[in-house]
file work.csv (CSV, C-alpha atoms and all ligand atoms)
chain,number,residue,atom,x,y,z
A,1011,MET,CA,120.5,42.7,126.6
A,1012,ARG,CA,118.0,45.3,127.8
A,1013,LYS,CA,120.9,47.7,128.3
A,1014,ILE,CA,122.0,47.2,124.7
A,1015,ILE,CA,118.5,47.8,123.3
A,1016,ALA,CA,118.2,50.9,125.4
A,1017,ALA,CA,121.5,52.2,124.2
A,1018,ALA,CA,120.5,51.5,120.5
A,1019,PHE,CA,117.2,53.3,121.1
A,1020,ALA,CA,119.0,56.3,122.5
A,1021,VAL,CA,121.3,56.5,119.5
A,1022,ASN,CA,118.3,56.2,117.2
A,1023,MET,CA,116.5,59.1,119.0
A,1024,ALA,CA,119.6,61.2,118.8
A,1025,LEU,CA,119.8,60.6,115.0
A,1026,ILE,CA,116.1,61.6,114.6
A,1027,VAL,CA,116.5,64.7,116.6
A,1028,ALA,CA,119.7,65.7,114.8
A,1029,ARG,CA,118.0,65.5,111.3
A,1030,PRO,CA,117.9,68.9,109.6
A,1031,ALA,CA,114.7,70.9,109.1
A,1032,ALA,CA,115.1,70.1,105.3
A,1033,GLN,CA,113.4,66.8,106.1
A,1034,ALA,CA,110.0,68.5,106.6
A,1035,HIS,CA,107.1,67.4,104.5
A,1036,ALA,CA,105.9,69.0,101.3
A,1037,PHE,CA,103.3,71.6,102.3
A,1038,LEU,CA,101.6,74.0,100.0
A,1039,ASP,CA,103.6,77.2,99.7
A,1040,HIS,CA,101.4,79.1,97.3
A,1041,ALA,CA,99.1,78.6,94.3
A,1042,SER,CA,97.8,80.2,91.2
A,1043,PRO,CA,94.9,81.0,91.4
A,1044,ALA,CA,95.8,81.9,95.0
A,1045,VAL,CA,94.1,80.1,97.9
A,1046,GLY,CA,90.7,81.7,98.4
A,1047,ALA,CA,91.2,84.1,95.4
A,1048,ALA,CA,88.5,85.5,93.2
A,1049,VAL,CA,89.7,85.8,89.6
A,1050,ALA,CA,87.9,87.7,86.8
A,1051,ALA,CA,88.3,85.1,84.1
A,1052,SER,CA,88.6,81.3,83.8
A,1053,PRO,CA,92.3,80.4,84.3
A,1054,ALA,CA,93.9,77.9,81.8
A,1055,ALA,CA,95.4,75.9,84.6
A,1056,VAL,CA,95.9,75.6,88.4
A,1057,THR,CA,99.5,75.6,89.6
A,1058,LEU,CA,100.7,74.6,93.1
A,1059,TRP,CA,104.1,75.3,94.6
A,1060,PHE,CA,105.2,73.1,97.4
A,1061,THR,CA,107.9,73.6,100.2
A,1062,GLN,CA,109.7,70.4,99.0
A,1063,ASP,CA,110.3,68.4,95.8
A,1064,LEU,CA,107.6,65.9,94.9
A,1065,GLU,CA,107.5,62.3,93.8
A,1066,PRO,CA,105.7,62.8,90.4
A,1067,ALA,CA,104.3,59.3,90.3
A,1068,PHE,CA,102.5,59.7,93.6
A,1069,SER,CA,101.4,63.4,93.4
A,1070,SER,CA,98.2,64.6,91.9
A,1071,VAL,CA,95.7,67.4,91.9
A,1072,THR,CA,92.0,67.6,90.8
A,1073,VAL,CA,89.6,70.5,90.5
A,1074,THR,CA,85.8,70.1,91.1
A,1075,ASN,CA,82.9,72.5,90.8
A,1076,GLN,CA,80.2,73.0,93.5
A,1077,ALA,CA,78.3,69.9,92.2
A,1078,GLY,CA,81.5,67.8,92.8
A,1079,GLN,CA,82.1,67.3,89.1
A,1080,ARG,CA,85.7,67.3,87.8
A,1081,VAL,CA,86.5,70.3,85.7
A,1082,ASP,CA,90.2,69.7,85.3
A,1083,LEU,CA,91.7,68.1,82.1
A,1084,GLY,CA,93.0,65.1,84.0
A,1085,ASN,CA,96.6,66.0,83.0
A,1086,ALA,CA,98.1,66.7,86.5
A,1087,GLN,CA,101.9,66.7,86.2
A,1088,VAL,CA,105.1,67.9,87.9
A,1089,PRO,CA,106.6,70.0,85.1
A,1090,GLN,CA,110.1,69.2,83.8
A,1091,GLY,CA,112.7,71.2,85.7
A,1092,ALA,CA,110.2,72.3,88.4
A,1093,PRO,CA,110.2,69.4,90.9
A,1094,ALA,CA,108.3,71.2,93.7
A,1095,GLU,CA,105.5,72.3,91.3
A,1096,LEU,CA,102.2,70.6,90.4
A,1097,GLN,CA,100.0,71.7,87.6
A,1098,VAL,CA,96.7,70.7,86.0
A,1099,GLY,CA,94.9,72.2,83.0
A,1100,LEU,CA,91.3,73.4,83.3
A,1101,ARG,CA,88.3,73.4,80.9
A,1102,PRO,CA,86.9,76.9,80.2
A,1103,LEU,CA,84.8,77.4,83.3
A,1104,PRO,CA,81.7,79.5,84.0
A,1105,PRO,CA,81.6,81.9,87.0
A,1106,GLY,CA,81.4,79.9,90.3
A,1107,THR,CA,83.3,78.5,93.2
A,1108,TYR,CA,85.8,75.7,92.6
A,1109,MET,CA,87.7,73.3,94.9
A,1110,VAL,CA,91.3,72.3,94.3
A,1111,ASN,CA,92.1,68.9,95.9
A,1112,TRP,CA,95.8,68.0,96.1
A,1113,ARG,CA,97.6,64.9,97.4
A,1114,VAL,CA,101.3,64.6,97.1
A,1115,VAL,CA,104.3,62.5,98.3
A,1116,SER,CA,107.5,64.4,98.9
A,1117,VAL,CA,110.9,63.1,98.1
A,1118,ASP,CA,111.3,62.1,101.7
A,1119,THR,CA,108.3,59.7,101.1
A,1120,HIS,CA,105.9,61.5,103.4
A,1121,PRO,CA,102.3,62.0,102.0
A,1122,THR,CA,100.4,65.2,102.6
A,1123,GLU,CA,97.1,66.4,101.2
A,1124,GLY,CA,94.9,69.4,101.3
A,1125,ARG,CA,92.2,71.4,99.5
A,1126,PHE,CA,91.3,75.0,98.9
A,1127,GLN,CA,88.8,77.1,97.0
A,1128,PHE,CA,89.0,79.8,94.4
A,1129,SER,CA,86.2,81.5,92.6
A,1130,ILE,CA,85.7,82.9,89.1
A,1131,GLY,CA,83.8,86.1,88.3
A,1132,GLN,CA,82.3,86.6,91.7
A,1201,CU,CU,108.3,64.7,105.4
call {"tool": "encode", "arguments": {"input": "work.csv", "output": "structure tokens", "more": "lines below"}}
Ligand SMILES: [Cu+2]
result
Amino acid sequence: MRKIIAAAFAVNMALIVARPAAQAHAFLDHASPAVGAAVAASPAAVTLWFTQDLEPAFSSVTVTNQAGQRVDLGNAQVPQGAPAELQVGLRPLPPGTYMVNWRVVSVDTHPTEGRFQFSIGQ
């Protein structure tokens, strides 16, 4: 019995190791405004591009100011035809530093999250 379990385990491990790199999680590839960027004027939206397609129902992004208040329009979405992209609209914003907080689930069901800053007029 123990031998059978060990053999099954070995087969499982082989399958896991053999999985292609395409199974990696959805990490942030790049963003607009770019991570850490200083932009001259208030952008209309923040757009994030990921390394893997997203599950729209479980993927979201918010933007907050230095007081921790939401400044996005609450309309985060994965645009039609762009399954690796996440976008949220912004109110017209005064100069300052803003935090983008994202949390997504990729099509391989793995959650990832992160945050970055950008600034306006500074
Ligand atoms: Cu993954």
call {"tool": "residues_near_point", "arguments": {"input": "work.csv", "point": "(91.6, 76.5, 88.2)", "cutoff": "9 Å", "atoms": "all atoms listed in the file", "output": "MDAnalysis selection string"}}
result
chainID A and resid 1042:1043 1052:1057 1073 1081:1082 1098:1101 1103 1108:1110 1128:1130
call {"tool": "closest_atom_pairs", "arguments": {"input": "work.csv", "of": "chain A", "to": "ligand CU 1201 (chain A)", "cutoff": "6 Å", "atoms": "all atoms listed in the file", "output": "JSON lines"}}
result
{"residue": "A:Gln1033", "atom": "CA", "partner": "A:CU1201", "partner_atom": "CU", "distance": 5.6}
{"residue": "A:Ala1034", "atom": "CA", "partner": "A:CU1201", "partner_atom": "CU", "distance": 4.3}
{"residue": "A:His1035", "atom": "CA", "partner": "A:CU1201", "partner_atom": "CU", "distance": 3.1}
{"residue": "A:Asp1118", "atom": "CA", "partner": "A:CU1201", "partner_atom": "CU", "distance": 5.4}
{"residue": "A:His1120", "atom": "CA", "partner": "A:CU1201", "partner_atom": "CU", "distance": 4.5}
call {"tool": "residues_near_point", "arguments": {"input": "work.csv", "point": "(103.1, 78.2, 93.9)", "cutoff": "7 Å", "atoms": "all atoms listed in the file", "output": "list in words"}}
result
Asp1039, His1040, Ala1041, Ser1042, Thr1057, Leu1058, Trp1059, Phe1060 and Glu1095 of chain A
call {"tool": "closest_residue", "arguments": {"input": "work.csv", "among": "A:Gly1084, A:Pro1104, A:Asn1111, A:Glu1123", "to": "Ala1051 (chain A)", "atoms": "all atoms listed in the file"}}
result
A:Pro1104
call {"tool": "atom_distance", "arguments": {"input": "work.csv", "atom1": "CA of Gly1124 (chain A)", "atom2": "CA of Trp1112 (chain A)"}}
result
5.5 Å
call {"tool": "atom_distance", "arguments": {"input": "work.csv", "atom1": "CA of Ser1069 (chain A)", "atom2": "CA of Pro1121 (chain A)"}}
result
8.8 Å
call {"tool": "atom_distance", "arguments": {"input": "work.csv", "atom1": "CA of Gln1097 (chain A)", "atom2": "CA of Gln1079 (chain A)"}}
result
18.5 Å
